[in-house]
file structure-v2.cif (mmCIF, C-alpha atoms)
data_run
#
loop_
_atom_site.label_atom_id
_atom_site.label_comp_id
_atom_site.auth_asym_id
_atom_site.auth_seq_id
_atom_site.Cartn_x
_atom_site.Cartn_y
_atom_site.Cartn_z
CA GLU U 959 -49.78 0.20 -71.73
CA CYS U 960 -46.67 0.99 -69.77
CA LYS U 961 -43.98 2.56 -71.92
CA GLY U 962 -40.78 0.56 -71.84
CA VAL U 963 -42.42 -2.64 -70.57
CA ILE U 964 -44.51 -5.51 -71.89
CA ILE U 965 -47.40 -6.51 -69.66
CA VAL U 966 -47.33 -10.30 -69.54
CA ASN U 967 -49.98 -11.08 -66.97
CA LYS U 968 -52.23 -8.52 -65.34
CA TYR U 969 -55.02 -9.37 -62.93
CA THR U 970 -56.69 -7.83 -59.92
CA MET U 971 -57.05 -9.52 -56.56
CA ILE U 972 -59.86 -7.62 -54.84
CA SER U 973 -59.58 -9.47 -51.56
CA GLY U 974 -55.81 -8.94 -51.40
CA LEU U 975 -56.28 -5.29 -52.20
CA ILE U 976 -58.85 -4.85 -49.43
CA VAL U 977 -56.58 -6.58 -46.90
CA ALA U 978 -53.60 -4.48 -47.99
CA MET U 979 -55.64 -1.31 -47.71
CA MET U 980 -56.92 -2.26 -44.26
CA ILE U 981 -53.42 -2.99 -43.00
CA PHE U 982 -52.03 0.20 -44.52
CA ASN U 983 -54.79 2.43 -43.26
CA SER U 984 -54.57 1.00 -39.74
CA CYS U 985 -50.82 1.65 -39.65
CA GLY U 986 -51.00 5.16 -41.08
CA LYS U 987 -54.38 6.47 -39.95
CA ASN U 988 -52.82 9.00 -37.59
CA ASP U 989 -50.31 10.21 -40.17
CA PRO U 990 -51.68 12.49 -42.92
CA GLU U 991 -48.74 11.65 -45.20
CA LEU U 992 -49.67 7.96 -45.38
CA VAL U 993 -52.55 7.34 -47.75
CA GLY U 994 -54.07 4.17 -49.21
CA ILE U 995 -52.17 2.58 -52.10
CA PRO U 996 -53.84 0.30 -54.68
CA ILE U 997 -51.65 -2.73 -55.41
CA THR U 998 -52.32 -4.99 -58.39
CA PRO U 999 -50.17 -8.12 -58.70
CA GLY U 1000 -48.85 -9.12 -62.13
CA ASN U 1001 -45.67 -9.68 -64.10
CA LEU U 1002 -43.71 -7.29 -66.30
CA LYS U 1003 -40.87 -7.91 -68.72
CA LEU U 1004 -38.75 -4.84 -69.27
CA LYS U 1005 -37.59 -3.96 -72.77
CA GLU U 1006 -34.48 -2.22 -71.46
CA GLN U 1007 -31.42 -3.74 -69.82
CA TRP U 1008 -31.11 -3.36 -66.08
CA VAL U 1009 -28.51 -4.32 -63.52
CA SER U 1010 -28.91 -5.57 -59.96
CA SER U 1011 -27.13 -7.43 -57.19
CA ASN U 1012 -28.36 -10.97 -57.78
CA ASN U 1013 -27.39 -12.90 -54.64
CA LEU U 1014 -24.91 -9.99 -54.21
CA GLN U 1015 -23.23 -10.63 -57.57
CA ILE U 1016 -23.49 -7.76 -60.05
CA THR U 1017 -25.74 -9.09 -62.80
CA ILE U 1018 -27.10 -7.59 -66.02
CA ASN U 1019 -30.63 -8.62 -66.93
CA ASN U 1020 -31.49 -8.78 -70.64
CA VAL U 1021 -34.70 -9.11 -72.62
CA ASN U 1022 -35.15 -12.68 -73.90
CA ALA U 1023 -31.50 -13.47 -73.18
CA PRO U 1024 -29.58 -15.03 -70.29
CA GLU U 1025 -28.38 -12.89 -67.41
CA ILE U 1026 -24.75 -11.78 -67.52
CA THR U 1027 -22.85 -12.12 -64.23
CA VAL U 1028 -20.31 -9.29 -64.15
CA THR U 1029 -18.72 -9.99 -60.74
CA SER U 1030 -18.42 -13.11 -58.60
CA GLY U 1031 -16.72 -14.33 -55.44
CA TYR U 1032 -17.54 -11.22 -53.39
CA GLN U 1033 -20.51 -9.42 -51.90
CA ASP U 1034 -21.13 -6.52 -54.25
CA TYR U 1035 -23.78 -3.88 -53.56
CA LYS U 1036 -25.74 -1.11 -55.25
CA PRO U 1037 -24.61 -0.94 -58.86
CA SER U 1038 -25.15 2.28 -60.81
CA TRP U 1039 -25.00 2.30 -64.62
CA SER U 1040 -23.05 5.14 -66.22
CA LYS U 1041 -24.82 7.62 -68.47
CA THR U 1042 -22.47 6.51 -71.26
CA GLY U 1043 -23.72 2.93 -70.83
CA ASP U 1044 -20.32 1.22 -70.84
CA ARG U 1045 -19.47 1.00 -67.13
CA LEU U 1046 -20.90 0.14 -63.75
CA THR U 1047 -19.85 1.39 -60.33
CA PHE U 1048 -20.71 -0.34 -57.04
CA PHE U 1049 -19.28 -0.98 -53.59
CA ARG U 1050 -17.66 -4.22 -52.45
CA PHE U 1051 -18.07 -5.54 -48.91
CA ILE U 1052 -14.85 -6.24 -47.00
CA SER U 1053 -15.89 -6.62 -43.35
CA LYS U 1054 -18.12 -5.25 -40.64
CA GLY U 1055 -18.59 -5.29 -36.89
CA ARG U 1056 -21.57 -3.90 -35.00
CA GLY U 1057 -23.00 -0.68 -36.35
CA PHE U 1058 -22.98 1.10 -39.69
CA HIS U 1059 -19.72 2.89 -38.90
CA THR U 1060 -17.88 -0.45 -38.67
CA TRP U 1061 -18.49 -1.44 -42.30
CA ARG U 1062 -15.38 -1.60 -44.48
CA THR U 1063 -16.07 -1.39 -48.20
CA LYS U 1064 -14.42 -0.35 -51.47
CA ILE U 1065 -15.80 1.70 -54.35
CA CYS U 1066 -15.25 -0.25 -57.57
CA VAL U 1067 -15.82 0.19 -61.30
CA VAL U 1068 -16.11 -2.40 -64.07
CA ASN U 1069 -16.99 -2.53 -67.74
CA ILE U 1070 -20.37 -4.06 -68.55
CA ASP U 1071 -18.62 -7.11 -70.08
CA GLY U 1072 -16.83 -7.80 -66.79
CA ASN U 1073 -13.45 -6.46 -67.94
CA GLY U 1074 -11.64 -3.35 -66.75
CA PHE U 1075 -12.29 -3.93 -63.03
CA ARG U 1076 -10.73 -1.32 -60.75
CA GLU U 1077 -10.79 -0.64 -57.01
CA LEU U 1078 -10.95 3.12 -56.51
CA THR U 1079 -10.75 3.39 -52.70
CA THR U 1080 -9.17 1.59 -49.79
CA GLY U 1081 -11.12 -0.76 -47.56
CA ASP U 1082 -10.30 1.37 -44.51
CA TYR U 1083 -13.64 3.22 -44.47
CA PRO U 1084 -17.33 2.62 -44.99
CA HIS U 1085 -17.63 3.69 -48.65
CA PHE U 1086 -21.19 3.62 -49.94
CA ASN U 1087 -23.72 4.19 -52.72
CA PRO U 1088 -21.68 5.47 -55.67
CA THR U 1089 -23.30 7.04 -58.72
CA TRP U 1090 -22.26 8.92 -61.85
CA THR U 1091 -22.32 12.53 -62.93
CA ARG U 1092 -24.77 13.38 -65.74
CA ASP U 1093 -22.97 16.43 -67.16
CA GLY U 1094 -20.67 14.55 -69.56
CA SER U 1095 -17.68 14.43 -67.21
CA ASN U 1096 -18.45 10.78 -66.31
CA MET U 1097 -17.11 11.12 -62.78
CA ILE U 1098 -18.07 8.83 -59.90
CA ILE U 1099 -19.61 10.37 -56.78
CA PHE U 1100 -19.59 8.39 -53.53
CA ASN U 1101 -20.15 8.68 -49.78
CA ARG U 1102 -17.64 8.03 -47.01
CA ARG U 1103 -19.03 7.36 -43.57
CA SER U 1104 -16.99 8.27 -40.51
CA THR U 1105 -15.41 5.32 -38.72
CA GLU U 1106 -16.38 6.97 -35.43
CA ARG U 1107 -19.84 6.82 -33.93
CA GLY U 1108 -21.95 9.84 -34.70
CA TRP U 1109 -23.49 11.53 -37.70
CA LYS U 1110 -20.56 12.56 -39.89
CA ASN U 1111 -20.57 11.53 -43.54
CA GLN U 1112 -18.70 13.16 -46.43
CA ILE U 1113 -19.05 13.18 -50.22
CA PHE U 1114 -16.19 12.54 -52.66
CA MET U 1115 -15.64 12.45 -56.41
CA ILE U 1116 -13.18 10.39 -58.47
CA ARG U 1117 -12.51 9.55 -62.12
CA PRO U 1118 -13.32 5.94 -63.11
CA GLU U 1119 -9.70 5.69 -64.37
CA GLY U 1120 -8.43 6.94 -61.01
CA THR U 1121 -6.43 5.13 -58.39
CA VAL U 1122 -6.68 4.91 -54.62
CA GLY U 1123 -6.04 8.35 -53.14
CA ASP U 1124 -7.25 10.31 -56.17
CA GLU U 1125 -10.66 11.02 -54.65
CA GLN U 1126 -11.49 14.66 -53.92
CA LEU U 1127 -13.72 15.96 -51.15
CA ILE U 1128 -16.71 17.91 -52.49
CA SER U 1129 -18.96 18.19 -49.42
CA HIS U 1130 -18.56 20.97 -46.86
CA PRO U 1131 -14.88 20.85 -45.76
CA SER U 1132 -15.61 21.78 -42.14
CA ASN U 1133 -19.18 20.49 -41.76
CA GLN U 1134 -19.64 18.17 -38.78
CA TYR U 1135 -23.07 16.94 -39.80
CA TYR U 1136 -24.05 14.15 -42.10
CA GLU U 1137 -23.96 15.00 -45.81
CA TRP U 1138 -24.99 12.35 -48.34
CA ALA U 1139 -25.03 12.49 -52.16
CA PHE U 1140 -28.00 11.09 -54.06
CA SER U 1141 -28.11 12.01 -57.76
CA ALA U 1142 -26.17 14.30 -60.06
CA MET U 1143 -27.83 16.86 -62.34
CA LYS U 1144 -27.12 17.46 -66.04
CA ASP U 1145 -25.74 20.91 -65.15
CA GLY U 1146 -23.16 19.43 -62.76
CA ARG U 1147 -24.98 20.11 -59.49
CA ILE U 1148 -25.60 17.25 -57.05
CA PHE U 1149 -28.77 16.58 -55.06
CA ILE U 1150 -27.61 16.01 -51.48
CA ASP U 1151 -28.99 15.83 -47.95
CA ARG U 1152 -27.60 17.25 -44.75
CA LYS U 1153 -28.88 15.59 -41.60
CA GLY U 1154 -28.48 16.19 -37.91
CA SER U 1155 -30.04 14.49 -34.92
CA ASP U 1156 -33.10 16.74 -35.14
CA PHE U 1157 -33.27 18.08 -38.73
CA ALA U 1158 -33.06 17.12 -42.38
CA LYS U 1159 -32.30 19.55 -45.20
CA SER U 1160 -31.79 19.06 -48.92
CA PHE U 1161 -29.58 21.05 -51.30
CA LEU U 1162 -28.28 21.24 -54.82
CA LEU U 1163 -24.51 21.37 -54.40
CA THR U 1164 -22.25 22.88 -57.05
CA PRO U 1165 -18.94 21.13 -56.29
CA ASN U 1166 -15.67 22.98 -55.87
CA PRO U 1167 -13.36 20.00 -55.19
CA GLY U 1168 -11.27 20.46 -52.08
CA LYS U 1169 -13.01 23.74 -51.25
CA LEU U 1170 -16.41 25.00 -50.19
CA GLY U 1171 -18.97 24.51 -52.95
CA LYS U 1172 -22.22 26.37 -53.50
CA TYR U 1173 -25.27 25.12 -51.57
CA GLU U 1174 -28.82 25.93 -52.73
CA GLU U 1175 -31.47 24.71 -50.30
CA ILE U 1176 -34.44 22.76 -51.66
CA LYS U 1177 -37.90 23.09 -50.15
CA ARG U 1178 -39.15 19.67 -49.03
CA PRO U 1179 -42.74 18.35 -48.79
CA THR U 1180 -42.09 16.58 -45.50
CA GLU U 1181 -40.20 17.02 -42.24
CA LYS U 1182 -39.52 13.29 -42.13
CA LEU U 1183 -36.14 11.95 -43.16
CA TRP U 1184 -35.79 10.51 -46.63
CA HIS U 1185 -32.94 8.56 -48.11
CA LYS U 1186 -31.74 6.72 -51.23
CA LEU U 1187 -33.38 9.46 -53.30
CA SER U 1188 -33.21 9.13 -57.10
CA VAL U 1189 -33.80 11.99 -59.54
CA SER U 1190 -35.59 11.01 -62.76
CA PRO U 1191 -33.77 11.34 -66.12
CA SER U 1192 -35.78 14.45 -67.04
CA GLU U 1193 -35.05 15.91 -63.58
CA THR U 1194 -38.75 16.63 -63.05
CA LYS U 1195 -39.45 13.89 -60.48
CA VAL U 1196 -37.81 12.18 -57.54
CA ALA U 1197 -38.32 8.84 -55.80
CA TYR U 1198 -37.11 8.10 -52.29
CA MET U 1199 -37.42 6.01 -49.15
CA LEU U 1200 -39.55 7.99 -46.69
CA ASP U 1201 -38.42 7.19 -43.16
CA ILE U 1202 -41.19 7.25 -40.59
CA ASP U 1203 -39.24 6.88 -37.32
CA ARG U 1204 -36.32 9.21 -38.25
CA LYS U 1205 -33.79 6.39 -37.78
CA LEU U 1206 -31.77 5.87 -40.96
CA TYR U 1207 -30.53 2.46 -39.93
CA THR U 1208 -34.01 0.94 -39.60
CA TYR U 1209 -35.72 0.08 -42.89
CA ARG U 1210 -38.84 -1.75 -41.68
CA ASP U 1211 -40.65 1.56 -41.14
CA VAL U 1212 -39.90 2.89 -44.64
CA VAL U 1213 -42.33 3.49 -47.51
CA ILE U 1214 -41.44 4.40 -51.09
CA ALA U 1215 -42.57 7.84 -52.25
CA ILE U 1216 -42.49 9.77 -55.50
CA ALA U 1217 -42.85 13.52 -55.94
CA ASP U 1218 -42.50 16.34 -58.46
CA PHE U 1219 -39.15 18.13 -58.59
CA ASP U 1220 -39.17 21.79 -59.62
CA ILE U 1221 -35.48 22.35 -60.23
CA ALA U 1222 -35.94 25.98 -61.32
CA ASN U 1223 -37.66 26.93 -58.07
CA LEU U 1224 -35.74 24.46 -55.89
CA LYS U 1225 -38.65 22.54 -54.44
CA VAL U 1226 -40.01 19.01 -54.18
CA GLU U 1227 -43.80 18.81 -53.93
CA ASN U 1228 -46.90 16.67 -54.51
CA GLN U 1229 -45.59 13.67 -52.59
CA LEU U 1230 -47.31 10.34 -53.28
CA ILE U 1231 -46.69 7.12 -51.32
CA ILE U 1232 -46.57 4.05 -53.60
CA THR U 1233 -46.06 1.21 -51.09
CA ASP U 1234 -47.85 0.11 -47.96
CA MET U 1235 -46.54 0.43 -44.41
CA ASN U 1236 -45.82 -3.04 -43.08
CA LYS U 1237 -43.02 -3.58 -40.57
CA ASP U 1238 -42.82 -7.30 -41.41
CA TYR U 1239 -40.76 -6.51 -44.50
CA THR U 1240 -38.66 -3.89 -46.23
CA TYR U 1241 -39.08 -1.61 -49.25
CA GLU U 1242 -35.87 -0.01 -50.50
CA TYR U 1243 -33.81 1.64 -53.27
CA PRO U 1244 -36.24 3.18 -55.78
CA ARG U 1245 -34.97 3.93 -59.29
CA TRP U 1246 -36.51 5.26 -62.52
CA THR U 1247 -36.97 3.69 -65.91
CA LYS U 1248 -35.52 5.73 -68.76
CA ASP U 1249 -38.95 6.86 -69.95
CA GLU U 1250 -40.07 7.55 -66.36
CA SER U 1251 -43.19 5.41 -66.77
CA CYS U 1252 -42.15 3.19 -63.85
CA VAL U 1253 -40.26 3.31 -60.58
CA ILE U 1254 -38.58 0.08 -59.52
CA TYR U 1255 -37.59 -0.91 -55.99
CA ASP U 1256 -36.78 -4.11 -54.13
CA SER U 1257 -38.62 -5.75 -51.24
CA ASN U 1258 -38.36 -8.97 -49.24
CA LYS U 1259 -42.13 -9.26 -48.79
CA SER U 1260 -42.15 -12.63 -50.60
CA GLY U 1261 -39.40 -14.05 -48.37
CA LYS U 1262 -36.66 -13.32 -50.92
CA TYR U 1263 -35.66 -9.90 -52.14
CA GLN U 1264 -37.37 -9.30 -55.47
CA ILE U 1265 -37.54 -6.21 -57.68
CA TYR U 1266 -40.92 -4.64 -58.36
CA ALA U 1267 -42.09 -1.96 -60.80
CA TYR U 1268 -44.72 0.62 -59.93
CA HIS U 1269 -46.42 1.92 -63.05
CA LEU U 1270 -47.25 5.59 -62.55
CA GLU U 1271 -50.12 5.78 -65.04
CA GLN U 1272 -51.94 2.57 -64.14
CA LYS U 1273 -50.99 2.71 -60.45
CA THR U 1274 -50.17 -1.00 -60.48
CA THR U 1275 -47.22 -2.87 -59.00
CA SER U 1276 -45.63 -5.98 -60.53
CA ARG U 1277 -42.57 -8.14 -60.02
CA ILE U 1278 -39.85 -7.84 -62.68
CA SER U 1279 -37.06 -10.02 -61.25
CA PRO U 1280 -37.03 -13.33 -63.17
CA ASP U 1281 -36.21 -15.92 -60.49
CA ILE U 1282 -38.20 -16.04 -57.24
CA ASN U 1283 -35.52 -18.25 -55.66
CA ASN U 1284 -32.78 -15.61 -55.86
CA ASP U 1285 -32.31 -12.36 -53.98
CA TYR U 1286 -32.45 -9.41 -56.40
CA ARG U 1287 -31.64 -6.01 -54.95
CA PHE U 1288 -30.61 -2.48 -56.02
CA GLY U 1289 -32.00 -2.43 -59.57
CA ASN U 1290 -30.69 0.26 -61.94
CA PHE U 1291 -31.24 0.85 -65.67
CA LYS U 1292 -28.76 1.18 -68.53
CA ASN U 1293 -27.69 4.78 -69.18
CA VAL U 1294 -29.71 5.95 -66.14
CA PRO U 1295 -27.41 6.77 -63.19
CA LYS U 1296 -29.34 6.56 -59.94
#

call {"tool": "encode", "arguments": {"input": "structure-v2.cif", "output": "structure tokens"}}
result
Amino acid sequence: ECKGVIIVNKYTMISGLIVAMMIFNSCGKNDPELVGIPITPGNLKLKEQWVSSNNLQITINNVNAPEITVTSGYQDYKPSWSKTGDRLTFFRFISKGRGFHTWRTKICVVNIDGNGFRELTTGDYPHFNPTWTRDGSNMIIFNRRSTERGWKNQIFMIRPEGTVGDEQLISHPSNQYYEWAFSAMKDGRIFIDRKGSDFAKSFLLTPNPGKLGKYEEIKRPTEKLWHKLSVSPSETKVAYMLDIDRKLYTYRDVVIAIADFDIANLKVENQLIITDMNKDYTYEYPRWTKDESCVIYDSNKSGKYQIYAYHLEQKTTSRISPDINNDYRFGNFKNVPK
């Protein structure tokens, strides 16, 4: 059985599997990275608490207990649960025009009971995808996209008790490319990407706030872009969105992948695709369970965004979101920063 979950209903649909495999193989037959993925429908109930954006309200999902709505009245995205378990960080939508650079958002923090809400940044920039450090400092790391067209993105750090203007730059102070923070390591380093129009590189960054930090390049198993990468709690695996067309703003060409992470030798290897390639819907935002037995992600393949769990041992995929009529996105587990 899957550690950390109770299997409620497990069955195999051979015909659906054959169709899925045919579709996947036809889409990826010319790409050696895309291999057939067995998919077994079913339902899972998780034993651990997890948070998501339920109809874009930050919501905590409990075992055999009602959901707890932590925020309301706004569009709130991509919660990340602190390693200490008492707080959540997320970004709040303010406005947008045409294009990613036109988004205006705020990085926010709130206690898991809904109290202690704070806005940590202005709404003058596109602020995205916050997460927490894992080294005991309990800092929030976030990304700030340039308001100009182009590739520039910078990484910042702020205390959850901070106020607007307290954030400190930790990415390259003079870099004109696109640097994006994914996950923090237990030793204080941060897994980041640096992208240009024709390259993608990954690093472990040792921050030196306000100054140039130390960059250690990571060997990657693919030349394709990846994004929304999540390092597992043991820091031995990663999960990410593998981008087929090299365009970060298009998600319909993305598959979810997992791979081994050798932190000592700075390399990611043994990539495995765990979703099919189907441009009629989206797969996004993979995250790990605490015991690393499952990777969860969300997809709109049913018509509504639902959260699914891929069980690494059984190689099965099941829905975990409880209400098929709601949109559940950006799942994240208690004490497991993304």

call {"tool": "resolve_selection", "arguments": {"input": "structure-v2.cif", "expression": "the PyMOL selection byres ((chain U and resi 1201-1209) around 8)", "output": "ChimeraX atom specification"}}
result
/U:1058,1182-1185,1199-1200,1210-1213,1240-1242

call {"tool": "residues_around", "arguments": {"input": "structure-v2.cif", "residues": "Thr1079 of chain U", "least_positions_apart": "3", "cutoff": "9 Å", "atoms": "all atoms listed in the file", "output": "PDB file with C-alpha atoms, keeping the file's coordinate frame"}}
result
ATOM      1  CA  THR U1063     -16.070  -1.390 -48.200  1.00  0.00           C
ATOM      2  CA  LYS U1064     -14.420  -0.350 -51.470  1.00  0.00           C
ATOM      3  CA  ILE U1065     -15.800   1.700 -54.350  1.00  0.00           C
ATOM      4  CA  CYS U1066     -15.250  -0.250 -57.570  1.00  0.00           C
ATOM      5  CA  ASP U1082     -10.300   1.370 -44.510  1.00  0.00           C
ATOM      6  CA  TYR U1083     -13.640   3.220 -44.470  1.00  0.00           C
ATOM      7  CA  HIS U1085     -17.630   3.690 -48.650  1.00  0.00           C
ATOM      8  CA  THR U1121      -6.430   5.130 -58.390  1.00  0.00           C
ATOM      9  CA  VAL U1122      -6.680   4.910 -54.620  1.00  0.00           C
ATOM     10  CA  GLY U1123      -6.040   8.350 -53.140  1.00  0.00           C
ATOM     11  CA  ASP U1124      -7.250  10.310 -56.170  1.00  0.00           C
ATOM     12  CA  GLU U1125     -10.660  11.020 -54.650  1.00  0.00           C
TER      13      GLU U1125
END

call {"tool": "resolve_selection", "arguments": {"input": "structure-v2.cif", "expression": "the PyMOL selection byres ((chain U and resi 1149-1164) around 9)", "output": "ChimeraX atom specification"}}
result
/U:1109-1110,1128-1129,1135-1143,1146-1148,1165-1166,1171-1178,1181-1185,1187-1189,1204,1224

call {"tool": "axis_aligned_box", "arguments": {"input": "structure-v2.cif", "around": "segment 1215-1232 of chain U", "padding_each_side": "4 Å", "output": "JSON"}}
result
{"center_x": -41.4, "center_y": 15.5, "center_z": -56.3, "size_x": 19.8, "size_y": 30.9, "size_z": 18.0}

call {"tool": "closest_residue", "arguments": {"input": "structure-v2.cif", "among": "U:Thr1275, U:Thr1194, U:Lys1036, U:Asp1218", "to": "Thr1233 of chain U", "atoms": "only C-alpha atoms"}}
result
U:Thr1275

call {"tool": "atom_distance", "arguments": {"input": "structure-v2.cif", "atom1": "atom CA of Leu1127 of chain U", "atom2": "atom CA of Thr1089 of chain U"}}
result
15.1 Å

call {"tool": "resolve_selection", "arguments": {"input": "structure-v2.cif", "expression": "the PyMOL selection byres ((chain U and resi 1086) around 7)", "output": "MDAnalysis selection string"}}
result
chainID U and resid 1049 1084:1085 1087:1088 1100:1102

call {"tool": "closest_residue", "arguments": {"input": "structure-v2.cif", "among": "U:Lys1262, U:Asp1238, U:Ile1116, U:Ile1232", "to": "Thr1274 of chain U", "atoms": "only C-alpha atoms"}}
result
U:Ile1232

call {"tool": "atom_distance", "arguments": {"input": "structure-v2.cif", "atom1": "atom CA of Glu1077 of chain U", "atom2": "atom CA of Pro1295 of chain U"}}
result
19.2 Å

call {"tool": "residues_near_point", "arguments": {"input": "structure-v2.cif", "point": "(-34.2, -12.6, -50.1)", "cutoff": "8 Å", "atoms": "all atoms listed in the file", "output": "compact mmCIF listing (two decimals) with C-alpha atoms, in the coordinates of the input"}}
result
# COMPACT_ATOMS: atom_id res chain seq x y z
CA ASN U 1258 -38.36 -8.97 -49.24
CA SER U 1260 -42.15 -12.63 -50.60
CA GLY U 1261 -39.40 -14.05 -48.37
CA LYS U 1262 -36.66 -13.32 -50.92
CA TYR U 1263 -35.66 -9.90 -52.14
CA GLN U 1264 -37.37 -9.30 -55.47
CA ASN U 1284 -32.78 -15.61 -55.86
CA ASP U 1285 -32.31 -12.36 -53.98
CA TYR U 1286 -32.45 -9.41 -56.40

call {"tool": "atom_distance", "arguments": {"input": "structure-v2.cif", "atom1": "atom CA of Ile1070 of chain U", "atom2": "atom CA of Lys1054 of chain U"}}
result
28.0 Å

call {"tool": "closest_residue", "arguments": {"input": "structure-v2.cif", "among": "U:Arg1103, U:Asn1111, U:Phe1288, U:Lys1296", "to": "Ile1018 of chain U", "atoms": "all atoms listed in the file"}}
result
U:Phe1288

call {"tool": "residues_around", "arguments": {"input": "structure-v2.cif", "residues": "Arg1287 of chain U", "least_positions_apart": "2", "cutoff": "6 Å", "atoms": "all atoms listed in the file", "output": "PyMOL selection string"}}
result
chain U and resi 1010-1011+1256+1289

call {"tool": "closest_residue", "arguments": {"input": "structure-v2.cif", "among": "U:Pro1244, U:Ser1257, U:Ser1251, U:Gly1055", "to": "Gln1272 of chain U", "atoms": "all atoms listed in the file"}}
result
U:Ser1251

call {"tool": "closest_residue", "arguments": {"input": "structure-v2.cif", "among": "U:Ser1030, U:Ser1132, U:Leu1004, U:Val1294", "to": "His1269 of chain U", "atoms": "only C-alpha atoms"}}
result
U:Leu1004
